[in-house]
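A.B. asks: Okay, here's the structure, questions in a sec.
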Amino acid sequence: MPKMRYVMLQQKQELQFVEMPEEYAYQLSALNLRLNKEIDKLTAVNVPDLPLAIAECDSLELLREEHSLESGLAYINRLESAFSSIQENNYPLISLLTEIRALQAQLEQWYEEEEEGVH
């Protein structure tokens with residue numbers, strides 16, 4: 001079984017939990033922090049609200065029914081969709097999308113290899 005890490009995100013009072021392959025958890029946290037740093041520079045009207053990465057851990061047991069665990073690939077796919085729909089003219093949005101899509105491609109490959117049993 002692959003080793004996973006968990007990234008906790010907070011958006012206002014809501015917590016989100018994302019399960020990531022251990023070797024990619026830091027990349028998600030770093031990407032999240034960068035996106036949060038840059039999002040205020042976007043001038044488009046349809047900029048998504050972003051949660052902020054607040055913690056990473058090696059194990060996680062959710063104790064409340066209202067919380068759920070989202071796979072890293074599902075989360076990054078949602079993130080890519082939100083950012084690709086932004087109509088931005090004044091900021092080089094492509095650089096942010098490139099970072100999102102790079103992690104997306106790595107996760108897609110990781111999940112494919114896991115399904116095939118390749119390590």
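Every chain in the structure tokens takes a letter, A first, then B, and so on in the order presented; its residues are numbered from 1, and the ligands are numbered from 1 following the presented order.
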Run DSSP on the backbone and grab whatever in chain A lands in helix (DSSP H, G or I); send it over as number ranges by chain.

C.D. replies: A: 22-41, 72-84, 93-116

A.B. asks: Residues of chain A classed as strand (DSSP E or B) by DSSP on the backbone are to be reported as a VMD selection string.

C.D. replies: chain A and resid 4 to 11 14 to 21 52 to 57 69 to 71

A.B. asks: What's the 9 Å shell around segment 96-110 of chain A, counting only C-alpha atoms, without same-chain residues fewer than 3 positions away, as a ChimeraX atom specification?

C.D. replies: /A:20-21,24,27-28,31,34-35,38,72-73,76-77,79-80,83-84,92-93,113-115

A.B. asks: I want to know what sits within 6 Å of segment 56-71 of chain A, based on only C-alpha atoms, with residues of the same chain fewer than 5 positions away left out; could you give that as a PDB file with N, CA, C and O atoms, in the first residue's frame?

C.D. replies:
ATOM      1  N   ARG A   5       0.066  11.100   2.529  1.00  0.00           N
ATOM      2  CA  ARG A   5       0.076  12.217   3.480  1.00  0.00           C
ATOM      3  C   ARG A   5      -1.227  12.981   3.283  1.00  0.00           C
ATOM      4  O   ARG A   5      -1.889  12.838   2.252  1.00  0.00           O
ATOM      5  N   TYR A   6      -1.542  13.771   4.261  1.00  0.00           N
ATOM      6  CA  TYR A   6      -2.805  14.486   4.247  1.00  0.00           C
ATOM      7  C   TYR A   6      -2.543  15.985   4.387  1.00  0.00           C
ATOM      8  O   TYR A   6      -1.818  16.402   5.280  1.00  0.00           O
ATOM      9  N   VAL A   7      -3.121  16.751   3.473  1.00  0.00           N
ATOM     10  CA  VAL A   7      -2.983  18.196   3.500  1.00  0.00           C
ATOM     11  C   VAL A   7      -4.313  18.759   3.988  1.00  0.00           C
ATOM     12  O   VAL A   7      -5.368  18.430   3.436  1.00  0.00           O
ATOM     13  N   PHE A  17      -9.820  18.236   3.564  1.00  0.00           N
ATOM     14  CA  PHE A  17      -8.741  17.278   3.757  1.00  0.00           C
ATOM     15  C   PHE A  17      -8.454  16.588   2.429  1.00  0.00           C
ATOM     16  O   PHE A  17      -9.345  16.010   1.824  1.00  0.00           O
ATOM     17  N   VAL A  18      -7.197  16.680   1.992  1.00  0.00           N
ATOM     18  CA  VAL A  18      -6.806  16.121   0.702  1.00  0.00           C
ATOM     19  C   VAL A  18      -5.754  15.044   0.935  1.00  0.00           C
ATOM     20  O   VAL A  18      -4.740  15.280   1.595  1.00  0.00           O
ATOM     21  N   GLU A  19      -6.022  13.852   0.402  1.00  0.00           N
ATOM     22  CA  GLU A  19      -5.087  12.736   0.518  1.00  0.00           C
ATOM     23  C   GLU A  19      -4.149  12.745  -0.681  1.00  0.00           C
ATOM     24  O   GLU A  19      -4.599  12.704  -1.824  1.00  0.00           O
TER      25      GLU A  19
END

A.B. asks: Ranking A:Thr43, A:Tyr91, A:Asp49, A:Glu23 by minimum distance to Pro2 of chain A and counting only C-alpha atoms, which one comes first?

C.D. replies: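 Closest to Pro2 of chain A, using only C-alpha atoms: A:Glu23.
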
A.B. asks: From the options A:Ala74, A:Ala25, A:Ile94, A:Val45, which residue's atoms come nearest to Met8 of chain A, counting only C-alpha atoms?

C.D. replies: A:Ala25

A.B. asks: For Ala53 of chain A, which of A:Ala30, A:Leu15, A:Met1, A:Leu9 is the closest residue, counting only C-alpha atoms?

C.D. replies: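 Going through A:Ala30, A:Leu15, A:Met1, A:Leu9 one by one, the smallest distance to Ala53 of chain A is for A:Leu9.
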